[in-house]
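Enquirer: If it helps, the file is called structure29.txt and holds compact mmCIF, C-alpha atoms and all ligand atoms:
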```
# COMPACT_ATOMS: atom_id res chain seq x y z
CA MET A 26 61.85 -52.82 3.07
CA MET A 27 60.13 -51.30 0.10
CA ASN A 28 62.12 -48.55 -1.55
CA MET A 29 60.05 -45.42 -1.43
CA LYS A 30 60.33 -41.98 -2.75
CA LYS A 31 59.71 -39.55 0.06
CA ALA A 32 56.75 -37.40 -0.90
CA GLU A 33 56.54 -33.72 -0.08
CA ILE A 34 53.14 -33.41 1.53
CA ASP A 35 51.40 -30.23 2.52
CA ASN A 36 49.51 -30.97 5.72
CA LEU A 37 48.71 -27.30 6.32
CA GLY A 38 50.89 -27.50 9.42
CA ILE A 39 48.31 -29.74 11.07
CA PRO A 40 49.41 -33.18 12.33
CA PRO A 41 48.32 -35.78 9.75
CA LEU A 42 46.97 -39.27 10.45
CA ALA A 43 45.04 -37.95 13.46
CA GLY A 44 48.35 -37.49 15.25
CA ILE A 45 48.68 -41.22 15.82
CA VAL A 46 51.81 -41.97 13.87
CA SER A 47 54.15 -40.51 11.24
CA TYR A 48 53.90 -41.51 7.57
CA GLU A 49 57.31 -43.16 7.82
CA GLU A 50 56.37 -45.34 10.74
CA ALA A 51 52.95 -46.14 9.31
CA VAL A 52 54.55 -47.40 6.14
CA ARG A 53 57.22 -49.35 8.02
CA GLN A 54 54.85 -51.20 10.35
CA THR A 55 53.18 -53.75 8.12
CA GLY A 56 53.74 -56.60 10.60
CA TYR A 57 50.98 -59.00 11.61
CA SER A 58 48.00 -59.82 9.39
CA VAL A 59 44.46 -59.84 10.74
CA ASP A 60 44.68 -63.62 11.21
CA GLN A 61 47.93 -63.36 13.12
CA VAL A 62 46.54 -60.66 15.42
CA VAL A 63 43.42 -62.75 16.07
CA ASN A 64 45.62 -65.72 16.92
CA VAL A 65 47.63 -63.76 19.50
CA LEU A 66 44.53 -62.09 20.94
CA LYS A 67 42.96 -65.51 21.45
CA ARG A 68 46.05 -66.72 23.30
CA LEU A 69 46.10 -63.57 25.41
CA ASN A 70 42.40 -63.95 26.18
CA TYR A 71 42.99 -67.55 27.22
CA VAL A 72 45.90 -66.75 29.55
CA LYS A 73 44.02 -63.87 31.14
CA LYS A 74 40.91 -65.98 31.61
CA ARG A 75 42.98 -68.65 33.34
CA LEU A 76 44.70 -66.00 35.52
CA HIS A 77 41.25 -64.83 36.53
CA GLN A 78 40.32 -68.38 37.52
CA MET A 79 43.57 -68.75 39.41
CA ALA A 80 42.79 -65.68 41.51
CA THR A 81 39.25 -66.85 42.25
CA ALA A 82 40.60 -70.25 43.30
CA HIS A 83 43.08 -68.77 45.77
CA LEU A 84 41.59 -65.56 47.14
CA ALA A 85 39.76 -67.14 50.07
CA THR A 86 42.49 -69.48 51.18
CA THR A 87 45.41 -67.05 50.80
CA PRO A 88 45.91 -65.72 54.32
CA GLU A 89 47.57 -62.33 53.74
CA TRP A 90 44.97 -59.55 53.72
CA GLU A 91 47.01 -57.41 51.31
CA ILE A 92 47.24 -60.24 48.78
CA LYS A 93 43.49 -60.77 48.94
CA CYS A 94 43.04 -57.05 48.19
CA ALA A 95 45.32 -57.17 45.16
CA LEU A 96 43.84 -60.42 43.83
CA GLY A 97 40.39 -58.86 44.02
CA TYR A 98 41.55 -55.86 42.02
CA HIS A 99 43.57 -57.75 39.46
CA LEU A 100 40.93 -60.39 38.79
CA TRP A 101 38.43 -57.67 38.00
CA LEU A 102 40.93 -56.04 35.62
CA ASP A 103 41.51 -59.41 33.98
CA SER A 104 37.79 -59.88 33.47
CA GLU A 105 37.55 -56.45 31.84
CA HIS A 106 40.61 -57.06 29.68
CA CYS A 107 39.14 -60.34 28.46
CA LYS A 108 35.91 -58.56 27.68
CA SER A 109 37.63 -55.98 25.46
CA ILE A 110 39.79 -58.60 23.78
CA ARG A 111 36.79 -60.83 23.10
CA GLU A 112 34.83 -57.96 21.62
CA ARG A 113 37.75 -56.98 19.41
CA ILE A 114 38.18 -60.53 18.14
CA GLY A 115 34.52 -60.43 17.17
CA GLU A 116 35.24 -57.42 14.98
CA MET A 117 38.01 -59.14 13.03
CA ARG A 118 36.18 -61.27 10.48
CA GLU A 119 36.07 -63.97 13.04
CA PRO A 120 32.80 -65.85 13.56
CA PRO A 121 32.78 -68.59 14.73
CA LEU A 122 34.69 -67.05 17.59
CA HIS A 123 35.67 -70.08 19.71
CA LEU A 124 36.55 -67.70 22.52
CA ASP A 125 36.30 -70.32 25.22
CA GLU A 126 38.25 -73.00 23.44
CA VAL A 127 41.81 -73.88 24.32
CA PRO A 128 44.01 -72.26 21.65
CA ASP A 129 47.09 -74.36 22.45
CA GLN A 130 47.37 -77.50 24.55
CA ARG A 131 50.80 -76.44 25.86
CA LEU A 132 49.45 -73.11 27.10
CA LYS A 133 46.74 -75.07 28.87
CA GLU A 134 49.30 -77.35 30.50
CA MET A 135 51.22 -74.32 31.74
CA MET A 136 48.11 -72.71 33.25
CA ASP A 137 46.93 -76.06 34.70
CA GLU A 138 50.25 -76.32 36.49
CA ALA A 139 50.44 -72.68 37.60
CA ILE A 140 47.19 -72.92 39.57
CA HIS A 141 48.62 -75.76 41.70
CA VAL A 142 50.41 -73.48 44.13
CA GLU A 143 51.04 -74.48 47.71
CA THR A 144 52.13 -71.14 49.19
CA SER A 145 51.44 -67.43 48.75
CA LEU A 146 54.98 -67.08 47.46
CA GLU A 147 54.36 -69.59 44.66
CA LEU A 148 51.14 -67.79 43.81
CA ILE A 149 52.96 -64.47 43.45
CA VAL A 150 55.84 -66.01 41.51
CA GLY A 151 53.66 -67.83 38.99
CA MET A 152 51.07 -65.14 38.52
CA TYR A 153 53.23 -62.05 38.56
CA ASN A 154 56.89 -62.89 37.95
CA VAL A 155 56.19 -65.35 35.16
CA ILE A 156 52.74 -65.00 33.60
CA ARG A 157 52.08 -61.28 33.89
CA THR A 158 55.63 -60.56 32.83
CA GLU A 159 54.89 -62.58 29.70
CA ILE A 160 51.66 -60.63 29.15
CA ILE A 161 53.61 -57.37 29.15
CA ARG A 162 56.25 -58.79 26.83
CA SER A 163 53.70 -60.19 24.40
CA ILE A 164 51.68 -56.97 24.26
CA ARG A 165 54.87 -55.08 23.41
CA VAL A 166 55.56 -57.58 20.63
CA LEU A 167 52.04 -57.23 19.31
CA LEU A 168 52.18 -53.42 19.43
CA SER A 169 55.43 -53.39 17.49
CA GLU A 170 54.15 -55.87 14.91
CA THR A 171 50.86 -54.24 14.11
CA ASN A 172 49.97 -51.13 12.17
CA PRO A 173 48.75 -48.32 14.44
CA ILE A 174 46.26 -47.03 11.86
CA ALA A 175 45.06 -50.26 10.24
CA ASN A 176 44.72 -51.99 13.60
CA GLN A 177 43.98 -48.95 15.75
CA PRO A 178 41.08 -50.44 17.75
CA THR A 179 43.36 -53.31 18.84
CA PHE A 180 46.13 -50.84 19.57
CA ARG A 181 43.93 -48.87 21.90
CA ILE A 182 42.84 -51.90 23.90
CA LEU A 183 46.38 -53.19 24.19
CA LYS A 184 47.72 -49.83 25.34
CA ILE A 185 45.14 -49.73 28.12
CA ILE A 186 45.89 -53.29 29.17
CA LEU A 187 49.62 -52.61 29.06
CA MET A 188 49.27 -49.56 31.26
CA GLU A 189 47.28 -51.53 33.83
CA GLU A 190 49.64 -54.49 33.67
CA GLN A 191 52.57 -52.20 34.35
CA GLU A 192 50.84 -50.91 37.47
CA ILE A 193 50.09 -54.47 38.53
CA ALA A 194 53.75 -55.39 37.98
CA VAL A 195 54.88 -52.75 40.48
CA TRP A 196 52.71 -54.36 43.14
CA GLY A 197 53.85 -57.84 42.10
CA ASP A 198 57.54 -56.93 42.37
CA GLN A 199 57.13 -55.41 45.81
CA ALA A 200 55.10 -58.35 47.07
CA TYR A 201 57.76 -60.71 45.72
CA GLN A 202 60.53 -58.78 47.51
CA SER A 203 58.66 -58.91 50.81
CA LEU A 204 57.99 -62.63 50.53
CA THR A 205 61.62 -63.52 49.78
CA PRO A 206 63.60 -62.11 52.71
CA SER A 207 65.99 -65.10 52.94
CA LYS A 208 68.16 -67.16 50.60
CA GLU A 209 65.96 -70.14 51.35
CA LYS A 210 62.81 -68.30 50.24
CA GLN A 211 64.56 -67.05 47.14
CA LEU A 212 65.52 -70.61 46.20
CA GLU A 213 61.95 -71.77 46.77
CA ALA A 214 60.72 -68.97 44.51
CA GLU A 215 63.34 -69.74 41.88
CA ALA A 216 62.34 -73.41 41.74
CA TRP A 217 58.67 -72.63 41.03
CA LYS A 218 59.59 -69.86 38.64
CA ASN A 219 61.82 -72.18 36.59
CA HIS A 220 59.13 -74.84 36.58
CA ILE A 221 56.40 -72.56 35.19
CA GLN A 222 58.76 -70.70 32.90
CA TYR A 223 59.87 -73.94 31.31
CA MET A 224 56.24 -74.73 30.46
CA LEU A 225 55.61 -71.21 29.21
CA HIS A 226 58.56 -71.46 26.87
CA ALA A 227 57.46 -74.90 25.71
CA ALA A 228 54.29 -73.17 24.46
CA GLY A 229 56.37 -70.46 22.81
CA GLY A 230 54.82 -67.89 25.14
CA ILE A 231 51.74 -65.91 24.15
CA THR A 232 53.25 -64.65 20.88
CA GLN A 233 54.82 -68.02 20.00
CA ASP A 234 58.30 -66.60 19.70
CA LEU A 235 59.90 -67.88 22.92
CA GLN A 236 62.51 -70.61 22.60
CA PRO A 237 62.34 -73.86 24.61
CA LEU A 238 64.35 -73.97 27.84
CA LYS A 239 66.31 -76.80 29.44
CA LYS A 240 63.99 -78.90 31.60
CA PRO A 241 64.43 -78.06 35.29
CA SER A 242 64.12 -80.63 38.05
CA GLY A 243 60.76 -80.86 39.83
CA THR A 244 57.68 -82.91 39.22
CA LYS A 245 54.40 -81.89 37.70
CA ARG A 246 51.55 -81.37 40.16
CA SER A 247 48.65 -81.15 37.75
CA ASN A 248 46.78 -83.86 35.95
CA GLU A 249 43.95 -83.82 33.43
CA LYS A 250 41.31 -82.96 36.03
CA LYS A 251 40.12 -79.48 36.94
CA TYR A 252 41.98 -78.09 39.95
CA GLU A 253 40.04 -78.64 43.16
CA MET A 254 40.06 -75.35 44.99
CA ASP A 255 40.39 -75.10 48.75
CA ALA A 256 37.44 -72.95 49.76
CA ILE A 257 38.35 -72.62 53.45
CA PRO A 258 38.96 -68.94 54.09
CA ARG A 259 42.13 -68.08 55.96
CA ARG A 260 43.57 -64.94 57.54
CA ASP A 261 47.19 -64.29 58.44
CA HIS A 262 48.86 -64.27 61.89
CA ARG A 263 47.92 -60.66 62.65
CA PHE A 264 44.24 -61.54 62.93
CA LYS A 265 42.93 -63.00 66.17
CA ASP A 266 39.73 -64.53 67.44
CA SER A 267 38.01 -64.39 64.04
CA PHE A 268 34.87 -66.22 65.22
CA ASN A 269 34.14 -63.87 68.08
CA GLN A 270 30.51 -62.81 67.82
CA SER A 271 30.25 -60.70 70.95
CA ALA A 272 29.91 -57.41 69.02
CA THR A 273 26.53 -57.09 67.27
CA ILE A 274 27.65 -54.20 65.13
CA ASP A 275 24.45 -54.01 63.08
CA SER A 276 22.51 -53.09 66.17
CA TYR A 277 25.14 -50.59 67.39
CA TYR A 278 24.89 -48.21 64.47
CA LYS A 279 21.13 -48.22 64.67
CA ASP A 280 21.17 -47.66 68.43
CA GLU A 281 20.15 -44.06 69.08
CA ASN A 282 21.39 -44.23 72.66
CA ARG A 283 24.95 -44.46 71.44
CA PRO A 284 26.90 -41.32 70.41
CA TYR A 285 27.19 -40.67 66.67
CA HIS A 286 30.93 -41.19 66.56
CA GLU A 287 30.47 -44.71 67.95
CA ARG A 288 27.56 -45.49 65.62
CA VAL A 289 29.59 -44.32 62.67
CA PHE A 290 32.52 -46.37 63.75
CA ALA A 291 30.28 -49.41 63.93
CA MET A 292 29.56 -48.81 60.23
CA ILE A 293 33.26 -48.41 59.44
CA TYR A 294 33.87 -51.70 61.22
CA LYS A 295 31.08 -53.28 59.25
CA ARG A 296 32.85 -52.18 56.06
CA LEU A 297 36.11 -53.69 57.30
CA ARG A 298 34.43 -57.03 57.90
CA GLU A 299 33.25 -57.13 54.26
CA MET A 300 36.38 -59.03 53.30
CA ASP A 301 34.26 -62.11 53.91
CA VAL A 302 32.20 -61.28 50.81
CA PRO A 303 35.09 -61.60 48.31
CA GLU A 304 36.06 -64.75 50.19
CA TRP A 305 32.65 -66.19 49.51
CA MET A 306 32.25 -64.76 45.99
CA ALA A 307 35.57 -66.09 44.72
CA PRO A 308 34.47 -69.76 44.99
CA ILE A 309 31.15 -68.87 43.32
CA LEU A 310 33.13 -67.50 40.39
CA TYR A 311 35.54 -70.42 40.27
CA LYS A 312 32.94 -73.14 40.56
CA THR A 313 30.28 -71.68 38.25
CA GLU A 314 31.19 -72.70 34.73
CA ASP A 315 30.01 -71.95 31.20
CA LYS A 316 28.24 -68.67 31.80
CA PRO A 317 28.41 -65.81 29.29
CA TRP A 318 31.59 -63.81 29.89
CA GLN A 319 29.55 -60.84 31.12
CA TYR A 320 28.55 -62.95 34.16
CA TYR A 321 32.21 -63.19 35.20
CA VAL A 322 32.74 -59.48 34.52
CA ASP A 323 29.73 -58.47 36.63
CA LEU A 324 30.50 -60.75 39.54
CA SER A 325 34.18 -59.84 39.46
CA ARG A 326 33.25 -56.18 39.63
CA GLN A 327 31.04 -56.89 42.60
CA LEU A 328 33.79 -58.91 44.26
CA TRP A 329 36.23 -56.04 43.74
CA ASP A 330 33.71 -53.55 45.12
CA GLU A 331 33.42 -55.65 48.27
CA VAL A 332 37.20 -55.71 48.58
CA ARG A 333 37.11 -51.93 48.26
CA HIS A 334 34.48 -51.73 50.97
CA ALA A 335 36.76 -53.72 53.28
CA MET A 336 39.64 -51.42 52.32
CA LEU A 337 37.45 -48.37 53.03
CA GLY A 338 36.97 -49.88 56.49
CA GLU A 339 40.74 -50.27 56.72
CA ILE A 340 41.12 -46.58 55.77
CA GLY A 341 38.49 -45.60 58.34
CA MET A 342 40.42 -47.50 61.02
CA TYR A 343 43.63 -45.81 59.92
CA SER A 344 41.96 -42.41 60.21
CA LYS A 345 41.50 -43.16 63.92
CA GLY A 346 45.00 -44.53 64.38
CA ILE A 347 43.90 -48.15 64.81
CA PRO A 348 45.45 -51.04 62.80
CA PHE A 349 42.74 -52.90 60.93
CA TYR A 350 43.75 -56.28 62.38
CA LYS A 351 43.81 -55.22 66.02
CA TYR A 352 40.30 -56.39 66.90
CA PRO A 353 38.40 -59.46 65.66
CA VAL A 354 37.47 -59.35 61.97
CA ASP A 355 34.69 -61.84 61.40
CA LEU A 356 35.27 -64.99 59.38
CA LYS A 357 32.07 -66.89 60.16
CA ALA A 358 30.15 -65.88 57.05
CA SER A 359 32.69 -66.97 54.46
CA MET A 360 33.67 -70.06 56.47
CA THR A 361 30.10 -71.36 56.68
CA LEU A 362 29.05 -70.39 53.15
CA ASN A 363 32.16 -71.84 51.55
CA THR A 364 31.91 -75.14 53.37
CA GLU A 365 28.20 -75.80 53.90
CA PHE A 366 26.40 -74.16 50.97
CA THR A 367 26.46 -74.57 47.19
CA PRO A 368 27.74 -71.66 45.05
CA LEU A 369 24.21 -70.91 43.91
CA GLU A 370 22.92 -70.87 47.50
CA ALA A 371 25.78 -68.61 48.55
CA HIS A 372 25.02 -66.25 45.67
CA LEU A 373 21.33 -66.20 46.51
CA LEU A 374 22.12 -65.34 50.13
CA LEU A 375 24.36 -62.51 49.02
CA TRP A 376 21.67 -61.06 46.81
CA HIS A 377 19.11 -61.48 49.59
CA ILE A 378 21.25 -59.40 51.92
CA GLU A 379 21.79 -56.75 49.28
CA GLN A 380 18.10 -56.52 48.42
CA ASN A 381 17.48 -55.83 52.09
CA LEU A 382 19.91 -52.92 52.00
CA MET A 383 17.76 -51.05 49.53
CA PRO A 384 14.83 -49.74 51.67
CA GLN A 385 15.34 -46.04 52.37
CA ALA A 386 14.53 -46.06 56.06
CA THR A 387 16.75 -48.94 57.16
CA GLY A 388 19.26 -49.59 54.38
CA LYS A 389 22.18 -47.83 52.77
CA GLN A 390 20.56 -44.42 52.62
CA TYR A 391 19.93 -44.60 56.35
CA GLU A 392 23.58 -45.54 56.97
CA TRP A 393 24.72 -42.53 54.93
CA GLU A 394 22.40 -40.26 56.90
CA VAL A 395 23.79 -41.54 60.20
CA ALA A 396 27.30 -40.90 58.83
CA LYS A 397 26.36 -37.33 57.91
CA GLN A 398 25.32 -36.64 61.50
CA SER A 399 28.81 -37.43 62.69
CA ASN A 400 30.57 -34.71 60.67
CA ASN A 401 33.29 -37.26 59.99
CA PRO A 402 34.28 -36.60 56.35
CA VAL A 403 35.93 -40.01 55.93
CA ALA A 404 32.82 -41.83 57.16
CA ILE A 405 30.50 -39.70 55.00
CA MET A 406 32.62 -40.40 51.91
CA ILE A 407 32.72 -44.14 52.68
CA GLN A 408 28.96 -44.47 53.14
CA ASP A 409 28.15 -42.32 50.11
CA TYR A 410 30.11 -44.55 47.73
CA ASP A 411 29.23 -47.77 49.50
CA TRP A 412 25.55 -46.98 48.93
CA ALA A 413 26.12 -46.37 45.21
CA ASP A 414 27.97 -49.69 44.86
CA GLU A 415 25.26 -51.64 46.64
CA VAL A 416 22.58 -50.35 44.28
CA LEU A 417 24.68 -51.74 41.44
CA HIS A 418 25.03 -55.07 43.25
CA ALA A 419 21.32 -55.48 43.73
CA GLN A 420 20.98 -54.99 39.94
CA ILE A 421 23.73 -57.52 39.18
CA GLY A 422 21.98 -60.05 41.39
CA ARG A 423 18.71 -59.46 39.62
CA ARG A 424 20.37 -59.85 36.21
CA TRP A 425 22.10 -63.18 36.88
CA LEU A 426 20.34 -64.77 39.77
CA VAL A 427 16.66 -64.14 39.34
CA PRO A 428 16.49 -66.02 35.97
CA GLU A 429 17.76 -69.12 37.84
CA PHE A 430 14.60 -69.09 39.92
CA GLY A 431 12.01 -67.55 37.62
CA LYS A 432 10.73 -64.34 39.11
CA ILE A 433 12.08 -61.97 41.80
CA LYS A 434 9.39 -63.22 44.14
CA ASP A 435 10.52 -66.83 43.67
CA ALA A 436 14.15 -65.95 44.30
CA LEU A 437 13.22 -64.06 47.46
CA GLU A 438 11.10 -66.97 48.68
CA LYS A 439 13.89 -69.48 48.07
CA GLY A 440 16.27 -67.29 50.03
CA ALA A 441 14.25 -67.06 53.24
CA PRO A 442 14.75 -70.65 54.52
CA LEU A 443 18.39 -70.48 53.46
CA ARG A 444 18.88 -67.52 55.72
CA GLU A 445 17.58 -69.50 58.65
CA ARG A 446 19.87 -72.39 57.89
CA TRP A 447 22.77 -70.00 57.53
CA ALA A 448 22.02 -68.28 60.84
CA GLN A 449 22.22 -71.70 62.52
CA SER A 450 25.57 -72.47 60.89
CA MET A 451 26.92 -69.09 61.93
CA LYS A 452 25.85 -69.67 65.50
CA VAL A 453 27.71 -72.97 65.60
CA ALA A 454 30.79 -71.34 64.05
CA GLY A 455 30.61 -68.62 66.69
CA ASP A 456 31.05 -71.25 69.37
CA ARG A 457 34.65 -71.61 68.23
CA SER A 458 35.36 -68.42 70.18
CA LYS A 459 35.16 -67.71 73.89
CA ASN A 460 33.40 -64.55 72.75
CA GLN A 461 35.19 -62.17 75.06
CA PRO A 462 33.70 -58.69 74.54
CA TRP A 463 36.10 -56.42 72.66
CA TRP A 464 33.92 -53.58 71.36
CA PRO A 465 34.11 -51.53 74.61
CA GLU A 466 37.90 -51.56 74.41
CA LEU A 467 37.77 -50.26 70.85
CA VAL A 468 35.33 -47.53 71.89
CA ASP A 469 37.71 -46.50 74.70
CA GLU A 470 40.49 -46.26 72.18
CA LEU A 471 38.28 -44.18 69.87
CA ASN A 472 37.49 -41.81 72.71
CA MET A 473 41.17 -41.34 73.40
CA ASN A 474 42.24 -40.68 69.81
FE FE B 501 29.60 -54.07 50.29
FE FE B 502 27.54 -55.53 47.79
```
For the file at hand, write its structure as structure tokens.

Expert:
Amino acid sequence: MMNMKKAEIDNLGIPPLAGIVSYEEAVRQTGYSVDQVVNVLKRLNYVKKRLHQMATAHLATTPEWEIKCALGYHLWLDSEHCKSIRERIGEMREPPLHLDEVPDQRLKEMMDEAIHVETSLELIVGMYNVIRTEIIRSIRVLLSETNPIANQPTFRILKIILMEEQEIAVWGDQAYQSLTPSKEKQLEAEAWKNHIQYMLHAAGGITQDLQPLKKPSGTKRSNEKKYEMDAIPRRDHRFKDSFNQSATIDSYYKDENRPYHERVFAMIYKRLREMDVPEWMAPILYKTEDKPWQYYVDLSRQLWDEVRHAMLGEIGMYSKGIPFYKYPVDLKASMTLNTEFTPLEAHLLLWHIEQNLMPQATGKQYEWEVAKQSNNPVAIMIQDYDWADEVLHAQIGRRWLVPEFGKIKDALEKGAPLRERWAQSMKVAGDRSKNQPWWPELVDELNMN
């Protein structure tokens, strides 16, 4: 280190350097150059982008409701983190940016392999125990190697990402614990962990300072081709009769002959069933390639909002003492859209539905007004925020979808026949159930609680 004479500085008693760091530390931390920081940020951007893809590839098919919820949240955070990192790279003397190029073939091989999971446990192990752990480690390295004044805008972004990654890690650890109750499960987890970790180390990690590990046993699952996602939506063993279409909930909450508490509960149930939207948006995100990054940010936000709507339904059920999986939670929409429609058709249908939620007298405002009549504070809160989110979604659809078809009018026209085709598919899917009525039982339970 440079030998310095310590200066006596009169700072008038006010913290110098905007309170960010002391003179001593600021002088000590000379660390990474601009080029080195850009290099690491590009690697971090790449890994996060691939994590985002991994979540979109597995959200629908992963059966556990709670994992779907977390994937929806974390993939949105990843999209936002990539956005900030990409913008920062653009500020660092960088054009051409090459933000969507592979920065390191070995990192690519690791991510190509990590997406090839066969169980929820492997998904958690690869994503959280190995890759996100490395993200936290690499951010700490970068923060310690970079000057907090010279590189302050990077510092700020990384501190935010680190904070969110640490929260994610708490969830990841707990999910891992729950999924490894036996020695056998722990060994299964260990095997996949070693496999991915070996590849991560072969790439040197994100900051290129990890040492190679001894090659574990186990064969590679990936090849040069893009991973084919399984778009069939699945729910775990707690959910039953997911194709039952006996309850026409949309008509119940509009039915003025029903008491307000039942109408409001029909809306809460409608929120709960919105898990099918993330299940059908995730494949749209995975399969739609080469869009500007903002497309992935916007659609990920919308996906996360729809997860939140389902969770608001879950909360509404909880407020009445009813487990969210007790009665049928519809799977027809995501099943049919993911298997019989193209991503663009599925997106157009989604936007079509959301456009139709906008009219005051029949749409989201109406739902909120029905909720207000019930004096149920949970329901009022749910509908209030749900309405705000849906206005945003209609805008997102207009921004990304309408240009595919020309004008709004054209997009709306293209959607109409699709809706008919979809209704037919849904009807056929509904025949998978004996369609025993279940809504009256739920209403009885509501009346008791
Ligand atoms: Fe929604
Ligand atoms: Fe929406």

Enquirer: Which is closer to ligand FE 502 (chain B) than all the others in A:Glu365, A:Asp456, A:Glu331, A:Glu429, using all atoms listed in the file?

Expert: A:Glu331

Enquirer: Find the spatial neighbours of Ile293 (chain A), counting all atoms listed in the file, within a cut-off of 10 Å - ignore same-chain residues fewer than 4 positions away - and output them as a ChimeraX atom specification.

Expert: /A:274,278,287-289,297-298,334-335,337-342,396,403-404,407-408

Enquirer: Hey, which residues come within 12 Å of ligand FE 502 (chain B) if we count all atoms listed in the file? Could you give them as JSON, numbers by chain?

Expert: {"A": [296, 299, 300, 301, 302, 303, 305, 306, 323, 324, 325, 326, 327, 328, 329, 330, 331, 332, 333, 334, 335, 372, 374, 375, 376, 377, 378, 379, 380, 381, 382, 383, 389, 410, 411, 412, 413, 414, 415, 416, 417, 418, 419, 420, 421, 422]}

Enquirer: Work out how far apart CA of Pro384 (chain A) and CA of Phe430 (chain A) are and give it in Å to one decimal.

Expert: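 For CA of Pro384 (chain A) relative to CA of Phe430 (chain A), the distance reads 22.6 Å.
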
Enquirer: Mind checking which residues fall within 10 Å of Pro258 (chain A), counting all atoms listed in the file, ignoring those fewer than 2 positions away in the same chain, and posting them as a PDB file with C-alpha atoms, in the frame of the given file?

Expert:
```pdb
ATOM      1  CA  HIS A  83      43.080 -68.770  45.770  1.00  0.00           C
ATOM      2  CA  LEU A  84      41.590 -65.560  47.140  1.00  0.00           C
ATOM      3  CA  ALA A  85      39.760 -67.140  50.070  1.00  0.00           C
ATOM      4  CA  THR A  86      42.490 -69.480  51.180  1.00  0.00           C
ATOM      5  CA  THR A  87      45.410 -67.050  50.800  1.00  0.00           C
ATOM      6  CA  PRO A  88      45.910 -65.720  54.320  1.00  0.00           C
ATOM      7  CA  ASP A 255      40.390 -75.100  48.750  1.00  0.00           C
ATOM      8  CA  ALA A 256      37.440 -72.950  49.760  1.00  0.00           C
ATOM      9  CA  ARG A 260      43.570 -64.940  57.540  1.00  0.00           C
ATOM     10  CA  ASP A 301      34.260 -62.110  53.910  1.00  0.00           C
ATOM     11  CA  GLU A 304      36.060 -64.750  50.190  1.00  0.00           C
ATOM     12  CA  TRP A 305      32.650 -66.190  49.510  1.00  0.00           C
ATOM     13  CA  LEU A 356      35.270 -64.990  59.380  1.00  0.00           C
ATOM     14  CA  LYS A 357      32.070 -66.890  60.160  1.00  0.00           C
ATOM     15  CA  ALA A 358      30.150 -65.880  57.050  1.00  0.00           C
ATOM     16  CA  SER A 359      32.690 -66.970  54.460  1.00  0.00           C
ATOM     17  CA  MET A 360      33.670 -70.060  56.470  1.00  0.00           C
ATOM     18  CA  THR A 361      30.100 -71.360  56.680  1.00  0.00           C
ATOM     19  CA  ASN A 363      32.160 -71.840  51.550  1.00  0.00           C
ATOM     20  CA  THR A 364      31.910 -75.140  53.370  1.00  0.00           C
TER      21      THR A 364
END
```

Enquirer: May I ask which of the residues A:Glu170, A:Glu445, A:Glu33, A:Glu281 is the closest one to Tyr57 (chain A), counting all atoms listed in the file?

Expert: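 With all atoms listed in the file as the atom set, the closest residue is A:Glu170.
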
Enquirer: Measure the distance from CA of Asn172 (chain A) to CA of Val72 (chain A) in Å and round it to one decimal.

Expert: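 Pair CA of Asn172 (chain A) / CA of Val72 (chain A) returns 23.7 Å.
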
Enquirer: Set the distance at 10 Å and use only C-alpha atoms: which residues neighbour Leu225 (chain A) once local chain neighbours fewer than 4 positions away are removed? I'd like the list as a PyMOL selection string.

Expert: chain A and resi 131-136+139+155-156+159+219-221+229-231+233+235-238

Enquirer: Could you please determine the separation between CA of Lys218 (chain A) and CA of Ile309 (chain A) in Å, to one decimal place?

Expert: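 If I compute the distance from CA of Lys218 (chain A) to CA of Ile309 (chain A), I get 28.8 Å.
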
Enquirer: So, counting all atoms listed in the file, which residue among A:Tyr350, A:Tyr294, A:Tyr71, A:Tyr311 is closest to ligand FE 501 (chain B)?

Expert: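 Closest candidate: A:Tyr294.
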
Enquirer: Using all atoms listed in the file, which residues sit within 8 Å of region 198-211 of chain A once same-chain residues fewer than 2 positions away are excluded, as an MDAnalysis selection string?

Expert: chainID A and resid 146 149:150 153:154 194:196 213:215

Enquirer: Selected residues, C-alpha atoms, written as a PDB file, keeping the file's coordinate frame, please.

Expert:
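Output contents, as saved in part-v7.pdb:
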```pdb
ATOM      1  CA  LEU A 146      54.980 -67.080  47.460  1.00  0.00           C
ATOM      2  CA  ILE A 149      52.960 -64.470  43.450  1.00  0.00           C
ATOM      3  CA  VAL A 150      55.840 -66.010  41.510  1.00  0.00           C
ATOM      4  CA  TYR A 153      53.230 -62.050  38.560  1.00  0.00           C
ATOM      5  CA  ASN A 154      56.890 -62.890  37.950  1.00  0.00           C
ATOM      6  CA  ALA A 194      53.750 -55.390  37.980  1.00  0.00           C
ATOM      7  CA  VAL A 195      54.880 -52.750  40.480  1.00  0.00           C
ATOM      8  CA  TRP A 196      52.710 -54.360  43.140  1.00  0.00           C
ATOM      9  CA  GLU A 213      61.950 -71.770  46.770  1.00  0.00           C
ATOM     10  CA  ALA A 214      60.720 -68.970  44.510  1.00  0.00           C
ATOM     11  CA  GLU A 215      63.340 -69.740  41.880  1.00  0.00           C
TER      12      GLU A 215
END
```

Enquirer: Point out the residue among A:Ile174, A:Lys73, A:Thr244, A:Met473 with the least atom-to-atom distance to Ile160 (chain A), counting only C-alpha atoms.

Expert: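 Checking each of A:Ile174, A:Lys73, A:Thr244, A:Met473 against Ile160 (chain A), counting only C-alpha atoms, the winner is A:Lys73.
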
Enquirer: Counting only C-alpha atoms, figure out which residue out of A:Thr179, A:Ser58, A:Gln130, A:Ser267 gets nearest to Ala228 (chain A).

Expert: A:Gln130
